[in-house]
file data-v6.cif (mmCIF, C-alpha atoms)
data_upload
#
loop_
_atom_site.label_atom_id
_atom_site.label_comp_id
_atom_site.auth_asym_id
_atom_site.auth_seq_id
_atom_site.Cartn_x
_atom_site.Cartn_y
_atom_site.Cartn_z
CA MET A 1 154.78 49.69 -5.74
CA ARG A 2 151.20 48.40 -5.47
CA GLU A 3 149.90 51.76 -6.60
CA THR A 4 152.23 51.60 -9.61
CA LYS A 5 150.58 48.32 -10.56
CA TYR A 6 147.07 49.77 -10.19
CA TRP A 7 147.97 52.89 -12.16
CA THR A 8 149.67 50.95 -14.97
CA TRP A 9 146.55 48.82 -15.41
CA HIS A 10 144.40 51.95 -15.19
CA MET A 11 146.30 53.40 -18.17
CA ALA A 12 146.18 50.08 -20.06
CA ALA A 13 142.42 49.87 -19.44
CA GLY A 14 142.07 53.38 -20.89
CA VAL A 15 143.82 52.28 -24.09
CA VAL A 16 141.57 49.21 -24.40
CA ILE A 17 138.47 51.38 -23.83
CA GLY A 18 139.65 53.71 -26.59
CA PHE A 19 140.08 50.78 -28.98
CA LEU A 20 136.69 49.23 -28.13
CA LEU A 21 134.91 52.59 -28.38
CA GLY A 22 136.48 53.04 -31.81
CA LEU A 23 135.11 49.64 -32.80
CA HIS A 24 131.71 50.63 -31.41
CA MET A 25 131.71 53.83 -33.47
CA LEU A 26 132.67 51.95 -36.61
CA ILE A 27 129.95 49.35 -36.19
CA MET A 28 127.07 51.33 -34.70
CA HIS A 29 127.47 54.95 -35.79
CA VAL A 30 129.14 54.81 -39.20
CA GLY A 31 127.68 51.40 -40.05
CA GLY A 32 125.94 52.96 -43.05
CA ILE A 33 129.38 53.40 -44.61
CA THR A 34 131.38 50.52 -43.20
CA HIS A 35 128.63 47.83 -43.11
CA LEU A 36 130.75 46.03 -40.53
CA PHE A 37 129.03 43.03 -38.90
CA ALA A 38 125.74 43.93 -40.59
CA PRO A 39 125.06 41.06 -42.97
CA ALA A 40 121.34 41.95 -43.22
CA GLY A 41 122.22 45.44 -44.50
CA GLY A 42 120.37 48.58 -43.45
CA GLU A 43 120.54 49.94 -39.91
CA ALA A 44 123.14 48.51 -37.55
CA ILE A 45 120.47 48.34 -34.82
CA SER A 46 118.03 46.28 -36.88
CA GLN A 47 116.90 43.06 -35.23
CA ALA A 48 118.62 40.81 -37.75
CA ASN A 49 121.97 42.60 -37.41
CA SER A 50 121.67 42.70 -33.62
CA LEU A 51 120.93 38.97 -33.45
CA PHE A 52 123.89 38.30 -35.75
CA ARG A 53 126.31 40.24 -33.52
CA ASP A 54 124.93 39.08 -30.18
CA GLY A 55 125.15 35.46 -31.21
CA ARG A 56 128.87 35.65 -32.00
CA LEU A 57 131.42 34.70 -29.37
CA PHE A 58 133.68 37.60 -30.44
CA PHE A 59 131.04 40.14 -29.47
CA THR A 60 130.18 38.44 -26.20
CA ALA A 61 133.88 38.51 -25.35
CA THR A 62 134.23 42.20 -26.28
CA TYR A 63 131.12 43.10 -24.24
CA ILE A 64 132.61 41.40 -21.20
CA LEU A 65 136.06 42.91 -21.86
CA LEU A 66 134.62 46.41 -22.24
CA LEU A 67 132.61 45.94 -19.07
CA GLY A 68 135.70 44.82 -17.16
CA VAL A 69 138.06 47.56 -18.33
CA ALA A 70 135.42 50.31 -18.03
CA LEU A 71 134.55 49.23 -14.48
CA TYR A 72 138.21 49.05 -13.49
CA HIS A 73 139.09 52.36 -15.14
CA GLY A 74 136.08 54.18 -13.72
CA LEU A 75 136.20 52.77 -10.20
CA TYR A 76 139.96 53.31 -9.88
CA GLY A 77 139.43 56.90 -11.04
CA LEU A 78 136.68 57.35 -8.45
CA ARG A 79 138.94 55.88 -5.79
CA THR A 80 141.68 58.34 -6.77
CA ILE A 81 139.31 61.30 -6.45
CA LEU A 82 138.09 60.10 -3.05
CA PHE A 83 141.64 59.51 -1.80
CA GLU A 84 142.48 63.15 -2.52
CA LEU A 85 140.16 64.21 0.29
CA THR A 86 142.82 63.39 2.91
CA LEU A 87 140.92 60.51 4.47
CA LYS A 88 142.02 58.31 7.33
CA PRO A 89 143.86 55.13 6.24
CA ALA A 90 141.03 52.98 7.63
CA VAL A 91 138.48 54.91 5.55
CA GLU A 92 140.68 54.49 2.46
CA LYS A 93 140.80 50.74 3.05
CA ALA A 94 137.03 50.62 3.46
CA ILE A 95 136.53 52.58 0.23
CA SER A 96 138.87 50.23 -1.65
CA PHE A 97 136.95 47.21 -0.30
CA VAL A 98 133.52 48.67 -1.15
CA LEU A 99 134.63 49.62 -4.68
CA LEU A 100 136.10 46.14 -5.19
CA VAL A 101 132.84 44.50 -4.10
CA VAL A 102 130.73 46.86 -6.22
CA GLY A 103 133.03 46.32 -9.21
CA LEU A 104 132.98 42.54 -8.94
CA GLY A 105 129.21 42.57 -8.41
CA LEU A 106 128.55 44.72 -11.48
CA PHE A 107 131.02 42.69 -13.53
CA GLY A 108 129.26 39.45 -12.53
CA LEU A 109 125.85 40.92 -13.37
CA GLY A 110 127.02 42.29 -16.71
CA THR A 111 128.77 39.05 -17.64
CA TRP A 112 125.59 37.11 -16.87
CA ALA A 113 123.61 39.56 -19.03
CA ALA A 114 126.06 39.27 -21.96
CA ILE A 115 125.97 35.47 -21.84
CA THR A 116 122.18 35.46 -21.55
CA VAL A 117 121.87 37.78 -24.57
CA ARG A 118 124.12 35.45 -26.54
CA THR A 119 121.97 32.45 -25.61
CA ILE A 120 118.80 34.31 -26.63
CA ALA A 121 120.39 35.51 -29.87
CA ILE A 122 121.50 32.00 -30.85
CA ALA A 123 117.98 30.73 -30.13
CA GLY A 124 116.55 33.64 -32.16
CA ILE A 125 118.79 32.93 -35.15
CA ARG A 126 117.74 29.28 -35.11
CA GLY A 127 114.13 30.50 -35.01
CA MET B 1 164.48 105.84 1.13
CA PRO B 2 164.17 109.16 -0.68
CA GLU B 3 160.44 109.83 -0.20
CA ASP B 4 160.70 113.22 -1.94
CA SER B 5 161.54 111.52 -5.20
CA LYS B 6 159.08 112.16 -8.06
CA SER B 7 158.73 108.46 -8.79
CA VAL B 8 157.40 107.61 -5.33
CA ARG B 9 153.91 106.08 -5.34
CA GLN B 10 151.60 105.14 -2.48
CA ILE B 11 150.81 101.43 -2.50
CA ASN B 12 148.33 99.68 -0.20
CA PHE B 13 149.82 96.50 1.23
CA HIS B 14 146.99 94.14 2.26
CA VAL B 15 148.94 91.86 4.55
CA THR B 16 147.59 88.69 6.16
CA ARG B 17 148.21 88.80 9.88
CA TYR B 18 147.88 85.88 12.28
CA ASN B 19 149.24 85.26 15.73
CA PRO B 20 148.04 81.85 16.91
CA GLU B 21 148.42 82.94 20.53
CA ASN B 22 145.91 85.80 20.17
CA ASP B 23 143.96 85.39 16.94
CA ARG B 24 141.27 82.85 16.19
CA ALA B 25 141.79 83.14 12.45
CA PRO B 26 144.00 85.03 10.00
CA TYR B 27 142.84 88.52 9.07
CA VAL B 28 144.00 91.19 6.62
CA LYS B 29 145.56 94.47 7.70
CA THR B 30 146.25 97.27 5.24
CA TYR B 31 149.37 99.40 5.30
CA THR B 32 149.91 102.29 2.88
CA ILE B 33 153.57 102.88 2.16
CA PRO B 34 155.62 104.96 -0.29
CA VAL B 35 157.13 102.85 -3.03
CA ARG B 36 159.74 103.89 -5.54
CA GLU B 37 160.85 102.08 -8.63
CA GLY B 38 163.09 99.11 -7.95
CA MET B 39 161.69 98.35 -4.49
CA THR B 40 161.01 94.68 -3.90
CA VAL B 41 158.16 93.34 -1.82
CA LEU B 42 160.77 92.39 0.75
CA ASP B 43 161.87 96.04 0.89
CA GLY B 44 158.23 97.01 1.39
CA LEU B 45 157.82 94.59 4.28
CA HIS B 46 161.00 95.96 5.84
CA TYR B 47 159.61 99.49 5.49
CA ILE B 48 156.41 98.43 7.30
CA LYS B 49 158.36 96.75 10.09
CA ASP B 50 160.76 99.68 10.52
CA ASN B 51 158.24 102.52 10.25
CA VAL B 52 154.66 101.32 10.69
CA ASP B 53 154.20 98.03 12.55
CA SER B 54 157.14 96.31 14.21
CA THR B 55 155.07 93.21 15.07
CA LEU B 56 154.88 91.99 11.47
CA ALA B 57 156.67 88.66 11.02
CA TRP B 58 158.03 86.98 7.91
CA ARG B 59 160.98 84.80 6.98
CA TYR B 60 163.90 85.92 4.83
CA SER B 61 167.63 85.57 4.60
CA CYS B 62 169.69 86.17 1.45
CA ARG B 63 167.62 88.93 -0.26
CA MET B 64 168.70 87.70 -3.71
CA GLY B 65 166.59 84.71 -4.68
CA VAL B 66 169.02 82.07 -3.53
CA CYS B 67 167.97 80.86 -0.09
CA GLY B 68 164.25 80.31 -0.75
CA SER B 69 163.16 81.67 2.64
CA CYS B 70 160.84 84.49 1.58
CA GLY B 71 158.31 82.52 -0.47
CA MET B 72 154.86 84.07 -0.07
CA LEU B 73 151.61 84.66 -1.94
CA LEU B 74 151.77 88.01 -3.77
CA ASN B 75 148.56 89.03 -5.52
CA GLY B 76 147.56 85.37 -5.47
CA GLN B 77 150.81 84.11 -6.96
CA PRO B 78 153.32 82.10 -4.94
CA THR B 79 156.74 83.65 -5.46
CA LEU B 80 159.77 85.11 -3.70
CA ALA B 81 159.31 88.48 -2.02
CA CYS B 82 162.96 89.38 -2.61
CA ASN B 83 162.73 88.61 -6.31
CA THR B 84 159.57 90.59 -7.06
CA GLN B 85 159.47 94.33 -7.59
CA ILE B 86 156.34 95.92 -6.18
CA LEU B 87 155.60 98.14 -9.20
CA HIS B 88 155.88 95.15 -11.53
CA ILE B 89 152.82 93.50 -9.97
CA ALA B 90 150.87 96.35 -8.33
CA SER B 91 149.77 99.85 -9.30
CA THR B 92 147.73 100.68 -6.19
CA ASP B 93 147.08 97.52 -4.18
CA LEU B 94 149.16 94.49 -3.29
CA THR B 95 147.94 91.49 -1.32
CA VAL B 96 150.60 89.68 0.67
CA ALA B 97 149.70 86.35 2.27
CA PRO B 98 151.57 83.30 3.53
CA LEU B 99 152.04 80.35 1.19
CA PRO B 100 148.87 78.24 1.05
CA ASN B 101 148.89 74.46 1.62
CA PHE B 102 150.98 75.01 4.76
CA ASP B 103 150.07 75.78 8.35
CA ILE B 104 150.87 79.32 9.46
CA ILE B 105 153.40 79.80 12.25
CA ARG B 106 152.77 83.52 12.36
CA ASP B 107 151.74 86.25 9.89
CA LEU B 108 153.65 85.46 6.67
CA VAL B 109 155.69 82.57 8.06
CA PRO B 110 154.52 79.16 6.77
CA ASP B 111 155.37 75.93 8.54
CA LEU B 112 157.50 74.12 5.94
CA LEU B 113 158.17 71.12 8.18
CA THR B 114 155.72 68.85 6.33
CA MET B 115 157.51 69.61 3.05
CA PHE B 116 160.92 68.81 4.48
CA ASP B 117 159.63 65.61 6.13
CA LYS B 118 158.35 64.40 2.75
CA HIS B 119 161.61 65.50 1.12
CA ARG B 120 163.64 63.53 3.65
CA SER B 121 161.49 60.41 3.19
CA LEU B 122 162.58 60.24 -0.48
CA LYS B 123 166.30 59.93 0.33
CA PRO B 124 167.39 63.12 -1.44
CA TYR B 125 171.04 62.15 -1.59
CA ILE B 126 173.32 59.76 -3.47
CA VAL B 127 172.56 56.18 -2.46
CA ARG B 128 175.15 53.58 -3.38
CA ALA B 129 176.17 50.12 -2.28
CA ASP B 130 179.73 51.35 -1.60
CA GLU B 131 178.63 53.58 1.24
CA ALA B 132 182.18 53.80 2.62
CA GLU B 133 183.24 55.68 -0.50
CA ILE B 134 180.48 58.23 0.04
CA ASN B 135 181.41 58.83 3.65
CA ASP B 136 185.18 58.78 3.14
CA PRO B 137 185.84 59.49 -0.53
CA ALA B 138 189.16 58.39 -2.00
CA GLY B 139 188.49 59.58 -5.55
CA GLU B 140 185.94 61.12 -7.88
CA PHE B 141 183.00 59.51 -9.64
CA TYR B 142 183.13 59.84 -13.39
CA GLN B 143 180.12 61.59 -14.91
CA SER B 144 179.85 62.79 -18.49
CA PRO B 145 178.44 66.24 -19.40
CA GLU B 146 175.40 64.47 -20.91
CA GLU B 147 174.77 62.62 -17.66
CA LEU B 148 175.02 65.89 -15.78
CA GLU B 149 172.58 67.55 -18.18
CA ALA B 150 169.98 64.85 -17.46
CA TYR B 151 169.35 66.17 -13.95
CA LEU B 152 171.03 69.58 -13.85
CA GLN B 153 167.88 71.74 -14.01
CA PHE B 154 166.39 69.94 -10.99
CA THR B 155 169.41 70.89 -8.88
CA TYR B 156 168.41 74.56 -9.13
CA CYS B 157 165.53 73.98 -6.69
CA ILE B 158 165.92 76.17 -3.59
CA LYS B 159 163.14 74.49 -1.56
CA CYS B 160 161.15 77.72 -1.26
CA GLY B 161 157.82 75.85 -1.26
CA CYS B 162 156.21 77.95 -4.03
CA CYS B 163 155.47 74.83 -6.10
CA MET B 164 153.88 73.14 -3.08
CA ALA B 165 151.71 76.22 -2.51
CA ALA B 166 150.56 76.25 -6.14
CA CYS B 167 149.79 72.52 -6.34
CA PRO B 168 146.03 71.86 -6.63
CA THR B 169 146.42 68.23 -5.60
CA LEU B 170 148.22 69.17 -2.41
CA ALA B 171 145.39 71.60 -1.63
CA THR B 172 143.03 68.67 -1.08
CA ASP B 173 145.40 65.80 -0.30
CA ALA B 174 147.73 66.82 2.50
CA ARG B 175 149.55 63.48 2.29
CA TYR B 176 150.48 63.91 -1.38
CA LEU B 177 154.27 64.10 -1.55
CA GLY B 178 154.16 67.21 -3.70
CA PRO B 179 156.25 68.67 -6.53
CA MET B 180 159.40 69.64 -4.68
CA PRO B 181 160.11 66.25 -3.00
CA LEU B 182 159.15 64.32 -6.14
CA ALA B 183 161.38 66.51 -8.34
CA ALA B 184 164.20 65.94 -5.86
CA ALA B 185 163.63 62.18 -6.11
CA GLU B 186 163.84 62.38 -9.91
CA ARG B 187 166.98 64.50 -9.63
CA TYR B 188 168.75 61.73 -7.72
CA ASN B 189 167.14 58.86 -9.68
CA VAL B 190 168.71 60.05 -12.93
CA ASP B 191 172.05 60.96 -11.39
CA ALA B 192 174.58 58.54 -12.90
CA ARG B 193 176.32 58.22 -9.54
CA ASP B 194 173.17 57.07 -7.75
CA ASP B 195 171.83 53.56 -7.26
CA GLY B 196 168.83 54.28 -5.04
CA ARG B 197 165.95 54.49 -7.50
CA ARG B 198 164.34 51.23 -6.44
CA GLN B 199 164.47 52.29 -2.81
CA ARG B 200 162.80 55.60 -3.65
CA ASN B 201 160.19 53.80 -5.77
CA GLN B 202 158.59 52.53 -2.56
CA GLN B 203 157.67 56.12 -1.69
CA THR B 204 157.28 57.73 -5.09
CA GLY B 205 155.03 54.89 -6.25
CA SER B 206 152.88 54.90 -3.10
CA ALA B 207 149.18 55.82 -2.87
CA HIS B 208 150.08 59.48 -2.28
CA GLY B 209 153.08 59.57 -4.59
CA ALA B 210 153.73 60.55 -8.18
CA PHE B 211 150.51 59.06 -9.57
CA ARG B 212 148.39 61.61 -7.73
CA CYS B 213 149.81 64.39 -9.93
CA HIS B 214 147.13 65.68 -12.34
CA TYR B 215 149.73 67.50 -14.43
CA ALA B 216 148.13 70.90 -13.87
CA GLY B 217 151.62 72.33 -14.33
CA GLU B 218 151.17 75.13 -11.78
CA CYS B 219 154.31 74.05 -9.93
CA SER B 220 156.44 74.65 -13.02
CA ARG B 221 154.69 77.92 -13.83
CA VAL B 222 155.37 79.51 -10.44
CA CYS B 223 158.89 78.18 -9.81
CA PRO B 224 161.09 81.27 -9.31
CA LYS B 225 164.18 79.33 -10.40
CA GLY B 226 162.75 77.97 -13.65
CA VAL B 227 162.74 74.35 -12.50
CA ASP B 228 160.12 72.10 -14.12
CA PRO B 229 158.83 69.82 -11.33
CA ALA B 230 155.79 68.79 -13.42
CA LYS B 231 158.13 67.30 -16.00
CA ALA B 232 160.13 65.57 -13.28
CA ILE B 233 156.97 63.92 -11.96
CA GLN B 234 155.95 62.67 -15.41
CA LEU B 235 159.47 61.24 -15.91
CA LEU B 236 159.15 59.64 -12.50
CA LYS B 237 155.82 58.04 -13.46
CA ARG B 238 157.29 56.66 -16.66
CA LYS B 239 160.24 55.12 -14.85
CA LEU B 240 157.94 53.65 -12.17
CA VAL B 241 155.81 51.95 -14.83
CA LEU B 242 158.89 50.69 -16.70
CA ASP B 243 160.29 49.33 -13.43
CA TYR B 244 156.98 47.57 -12.71
CA LEU B 245 156.94 46.04 -16.18
CA HIS B 246 160.65 45.12 -15.86
CA LEU B 247 161.38 47.16 -18.98
CA ALA B 248 163.70 49.72 -17.40
CA ARG B 249 167.34 49.39 -18.29
CA ARG B 250 169.43 48.26 -15.35
CA LYS B 251 172.72 50.03 -15.22
CA LYS B 252 175.36 50.18 -12.58
CA PRO B 253 176.17 53.53 -11.04
CA CYS B 254 179.22 55.23 -12.50
CA GLN B 255 182.60 54.15 -11.25
CA LYS B 256 185.25 55.96 -9.32
CA LEU B 257 188.37 57.45 -10.84
CA HIS B 258 191.37 56.38 -8.84
CA GLY B 259 193.75 59.07 -9.96
CA PRO B 260 194.33 61.89 -12.41
CA GLY B 261 194.26 61.15 -16.13
CA GLN B 262 191.63 58.38 -16.01
CA GLY B 263 188.79 60.51 -17.27
CA LYS B 264 188.42 61.63 -20.88
CA PRO B 265 189.58 65.25 -21.07
CA LEU B 266 187.70 67.56 -23.43
CA PRO B 267 189.60 68.43 -26.62
CA ASN B 268 191.41 71.75 -27.07
CA ILE B 269 192.14 72.20 -23.40
CA PRO B 270 195.78 73.16 -22.96
CA ALA B 271 197.87 71.13 -20.59
CA GLY B 272 198.34 72.55 -17.13
CA PRO B 273 201.73 73.77 -15.91
CA ALA B 274 204.20 71.21 -14.68
CA LYS B 275 204.04 70.33 -11.01
CA THR B 276 206.39 72.35 -8.88
CA VAL B 277 206.09 70.26 -5.76
#

call {"tool": "encode", "arguments": {"input": "data-v6.cif", "output": "C-alpha cells"}}
result
Amino acid sequence: MRETKYWTWHMAAGVVIGFLLGLHMLIMHVGGITHLFAPAGGEAISQANSLFRDGRLFFTATYILLLGVALYHGLYGLRTILFELTLKPAVEKAISFVLLVVGLGLFGLGTWAAITVRTIAIAGIRG
Amino acid sequence: MPEDSKSVRQINFHVTRYNPENDRAPYVKTYTIPVREGMTVLDGLHYIKDNVDSTLAWRYSCRMGVCGSCGMLLNGQPTLACNTQILHIASTDLTVAPLPNFDIIRDLVPDLLTMFDKHRSLKPYIVRADEAEINDPAGEFYQSPEELEAYLQFTYCIKCGCCMAACPTLATDARYLGPMPLAAAERYNVDARDDGRRQRNQQTGSAHGAFRCHYAGECSRVCPKGVDPAKAIQLLKRKLVLDYLHLARRKKPCQKLHGPGQGKPLPNIPAGPAKTV
C-alpha cells in the first residue's frame, strides 16, 4: 500500500500545481486585466510590484508550496519512468534514495532562496 | 479444401519460427498457401502443418474463441487465430508471430507462465472469512442482478494473453502485473460474495501494480472477448486510493440463503410445479 500513498500524493500534488499555475497566470500573464497584487499598477514584473509580492508572507508560502509539490510530482514521475525499465530491486532502492536526497536538497535550497528574497524585499520596501 | 474453387487466393504466410534448441534467434519463414473465403488463420496454420511443413508449432484447442489458447500476433495485432478470417485481414501477405511480451517456447507458442503466476498472486477466487462454507457449501450466496452486473463483463476473460501482449507498460516493465491479472482482481473485488479486497490491495497497490498503468487502452482494444481491462484498472486505482484515505464504504460480503424461498423472486415468474417426491 506504500505505492498507493505515493501515488495519491502525486495526484494531489498535480492538483495543487494546477491551482498555483492558475494563480501565476492570473497575476503575471493577465495582470494587465486583473491587476491582482499589483498596487503600483503597470507591469506585473515592475520592481515595485515585485517587491510588494515578495515581501508578503502569502507569496513566500506559495513559492515554497509550489516548489515542494512540483519537486515531489516531478521526481515521483521520474522515478516511475525509471522503474519501468525492469531494474533490480537494489537499483530501485538506490534510485529512490538518490531522488529523495536530490529532492530534499533542492527543496532546502529553494526555501532558503524564497526566504532570502522575502528578507530583501522587506528591506527594499522600507528603503 | 476445394482448391479448384474460383474464390481461392494465394496468400503468403510470413511465420515466425524459433526452436531454442537449434536457433539463436527467431526468424521469419514464408509459406504460400491457397486460401478460400471463410478460412481462419488457424485453418491456414493447419494447412501448412498438414501439407507444407510439419515442424511448425503453435497452441490451440477449442477452435471457437472460447479456450484462449491460440492467441498470436497477426499483422501486428494480438488476437485469436481461430477467431480471425484470413481474408478479413490480408489480401496477399499475412505476418504471424508469437505474442510479444512473453518468452517463446517454440515457433508461435508463448510461455504464459509469468502471466499465470501474476494472476495467481492476486487471489483470483472468492475470499471470505467463512472458508468452510466455500469448501463445503450448504447453501447459496444471495446476489442481486445489479451486483452481478458490476463484475459480469470481467468474467468473460479467457486468459488468452492478448491484452498482456498489447500492453506498452509490460513491454518495458516485465514485473508489471498487467491487464489480465489486474482485471481479474477487480472482478473479484467487486463481487458481492467476496471479502478479499484488502488482501489483494497489497499486490494491486504495489510498485508494479495498478498505478503503473498509463491508460493507453490497448488491452481493451485488442481483447477478443470485448472485456475492458483498462477500465478495470482505473476502477482498481480509485478503490485503492479510497481505501488509503479510509473513504471506501465497508460492507460485509453477501449472506447465505439457508433454504428455498429466502431470496426475492422476480415478478411475473409462474410458480413451479408441485413437488412429486

call {"tool": "closest_residue", "arguments": {"input": "data-v6.cif", "among": "A:Leu87, A:Leu51, A:Val69, A:Leu106", "to": "Arg118 (chain A)", "atoms": "all atoms listed in the file"}}
result
A:Leu51

call {"tool": "interface_residues", "arguments": {"input": "data-v6.cif", "of": "chain A", "to": "chain B", "cutoff": "9 Å", "atoms": "all atoms listed in the file", "output": "PDB file with C-alpha atoms, keeping the file's coordinate frame"}}
result
ATOM      1  CA  MET A   1     154.780  49.690  -5.740  1.00  0.00           C
ATOM      2  CA  ARG A   2     151.200  48.400  -5.470  1.00  0.00           C
ATOM      3  CA  GLU A   3     149.900  51.760  -6.600  1.00  0.00           C
ATOM      4  CA  THR A   4     152.230  51.600  -9.610  1.00  0.00           C
ATOM      5  CA  LYS A   5     150.580  48.320 -10.560  1.00  0.00           C
ATOM      6  CA  TRP A   7     147.970  52.890 -12.160  1.00  0.00           C
ATOM      7  CA  THR A   8     149.670  50.950 -14.970  1.00  0.00           C
ATOM      8  CA  THR A  80     141.680  58.340  -6.770  1.00  0.00           C
ATOM      9  CA  PHE A  83     141.640  59.510  -1.800  1.00  0.00           C
ATOM     10  CA  GLU A  84     142.480  63.150  -2.520  1.00  0.00           C
ATOM     11  CA  LEU A  85     140.160  64.210   0.290  1.00  0.00           C
ATOM     12  CA  THR A  86     142.820  63.390   2.910  1.00  0.00           C
ATOM     13  CA  LEU A  87     140.920  60.510   4.470  1.00  0.00           C
TER      14      LEU A  87
END

call {"tool": "atom_distance", "arguments": {"input": "data-v6.cif", "atom1": "CA of Ile33 (chain A)", "atom2": "CA of Leu66 (chain A)"}}
result
24.0 Å

call {"tool": "resolve_selection", "arguments": {"input": "data-v6.cif", "expression": "the PyMOL selection byres ((chain B and resi 161) around 12)", "output": "mmCIF file with C-alpha atoms, keeping the file's coordinate frame"}}
result
data_model
loop_
_atom_site.group_PDB
_atom_site.id
_atom_site.type_symbol
_atom_site.label_atom_id
_atom_site.label_comp_id
_atom_site.auth_asym_id
_atom_site.auth_seq_id
_atom_site.Cartn_x
_atom_site.Cartn_y
_atom_site.Cartn_z
ATOM 1 C CA CYS B 67 167.970 80.860 -0.090
ATOM 2 C CA GLY B 68 164.250 80.310 -0.750
ATOM 3 C CA SER B 69 163.160 81.670 2.640
ATOM 4 C CA CYS B 70 160.840 84.490 1.580
ATOM 5 C CA GLY B 71 158.310 82.520 -0.470
ATOM 6 C CA MET B 72 154.860 84.070 -0.070
ATOM 7 C CA LEU B 73 151.610 84.660 -1.940
ATOM 8 C CA PRO B 78 153.320 82.100 -4.940
ATOM 9 C CA THR B 79 156.740 83.650 -5.460
ATOM 10 C CA LEU B 80 159.770 85.110 -3.700
ATOM 11 C CA PRO B 98 151.570 83.300 3.530
ATOM 12 C CA LEU B 99 152.040 80.350 1.190
ATOM 13 C CA PRO B 100 148.870 78.240 1.050
ATOM 14 C CA ASN B 101 148.890 74.460 1.620
ATOM 15 C CA PHE B 102 150.980 75.010 4.760
ATOM 16 C CA VAL B 109 155.690 82.570 8.060
ATOM 17 C CA PRO B 110 154.520 79.160 6.770
ATOM 18 C CA ASP B 111 155.370 75.930 8.540
ATOM 19 C CA LEU B 112 157.500 74.120 5.940
ATOM 20 C CA LEU B 113 158.170 71.120 8.180
ATOM 21 C CA THR B 114 155.720 68.850 6.330
ATOM 22 C CA MET B 115 157.510 69.610 3.050
ATOM 23 C CA PHE B 116 160.920 68.810 4.480
ATOM 24 C CA HIS B 119 161.610 65.500 1.120
ATOM 25 C CA CYS B 157 165.530 73.980 -6.690
ATOM 26 C CA ILE B 158 165.920 76.170 -3.590
ATOM 27 C CA LYS B 159 163.140 74.490 -1.560
ATOM 28 C CA CYS B 160 161.150 77.720 -1.260
ATOM 29 C CA CYS B 162 156.210 77.950 -4.030
ATOM 30 C CA CYS B 163 155.470 74.830 -6.100
ATOM 31 C CA MET B 164 153.880 73.140 -3.080
ATOM 32 C CA ALA B 165 151.710 76.220 -2.510
ATOM 33 C CA ALA B 166 150.560 76.250 -6.140
ATOM 34 C CA CYS B 167 149.790 72.520 -6.340
ATOM 35 C CA LEU B 170 148.220 69.170 -2.410
ATOM 36 C CA GLY B 178 154.160 67.210 -3.700
ATOM 37 C CA PRO B 179 156.250 68.670 -6.530
ATOM 38 C CA MET B 180 159.400 69.640 -4.680
ATOM 39 C CA PRO B 181 160.110 66.250 -3.000
ATOM 40 C CA CYS B 219 154.310 74.050 -9.930
ATOM 41 C CA SER B 220 156.440 74.650 -13.020
ATOM 42 C CA VAL B 222 155.370 79.510 -10.440
ATOM 43 C CA CYS B 223 158.890 78.180 -9.810
ATOM 44 C CA PRO B 224 161.090 81.270 -9.310
ATOM 45 C CA LYS B 225 164.180 79.330 -10.400
ATOM 46 C CA PRO B 229 158.830 69.820 -11.330
#

call {"tool": "atom_distance", "arguments": {"input": "data-v6.cif", "atom1": "CA of Tyr156 (chain B)", "atom2": "CA of Ile126 (chain B)"}}
result
16.6 Å

call {"tool": "resolve_selection", "arguments": {"input": "data-v6.cif", "expression": "the PyMOL selection byres ((chain A and resi 10) around 9)", "output": "list in words"}}
result
Lys5, Tyr6, Trp7, Thr8, Trp9, Met11, Ala12, Ala13, Gly14, Val15, Val69, Tyr72, His73, Gly74, Tyr76 and Gly77 of chain A

call {"tool": "residues_around", "arguments": {"input": "data-v6.cif", "residues": "Ile45 (chain A)", "least_positions_apart": "5", "cutoff": "9 Å", "atoms": "only C-alpha atoms", "output": "PyMOL selection string"}}
result
chain A and resi 28+38+50
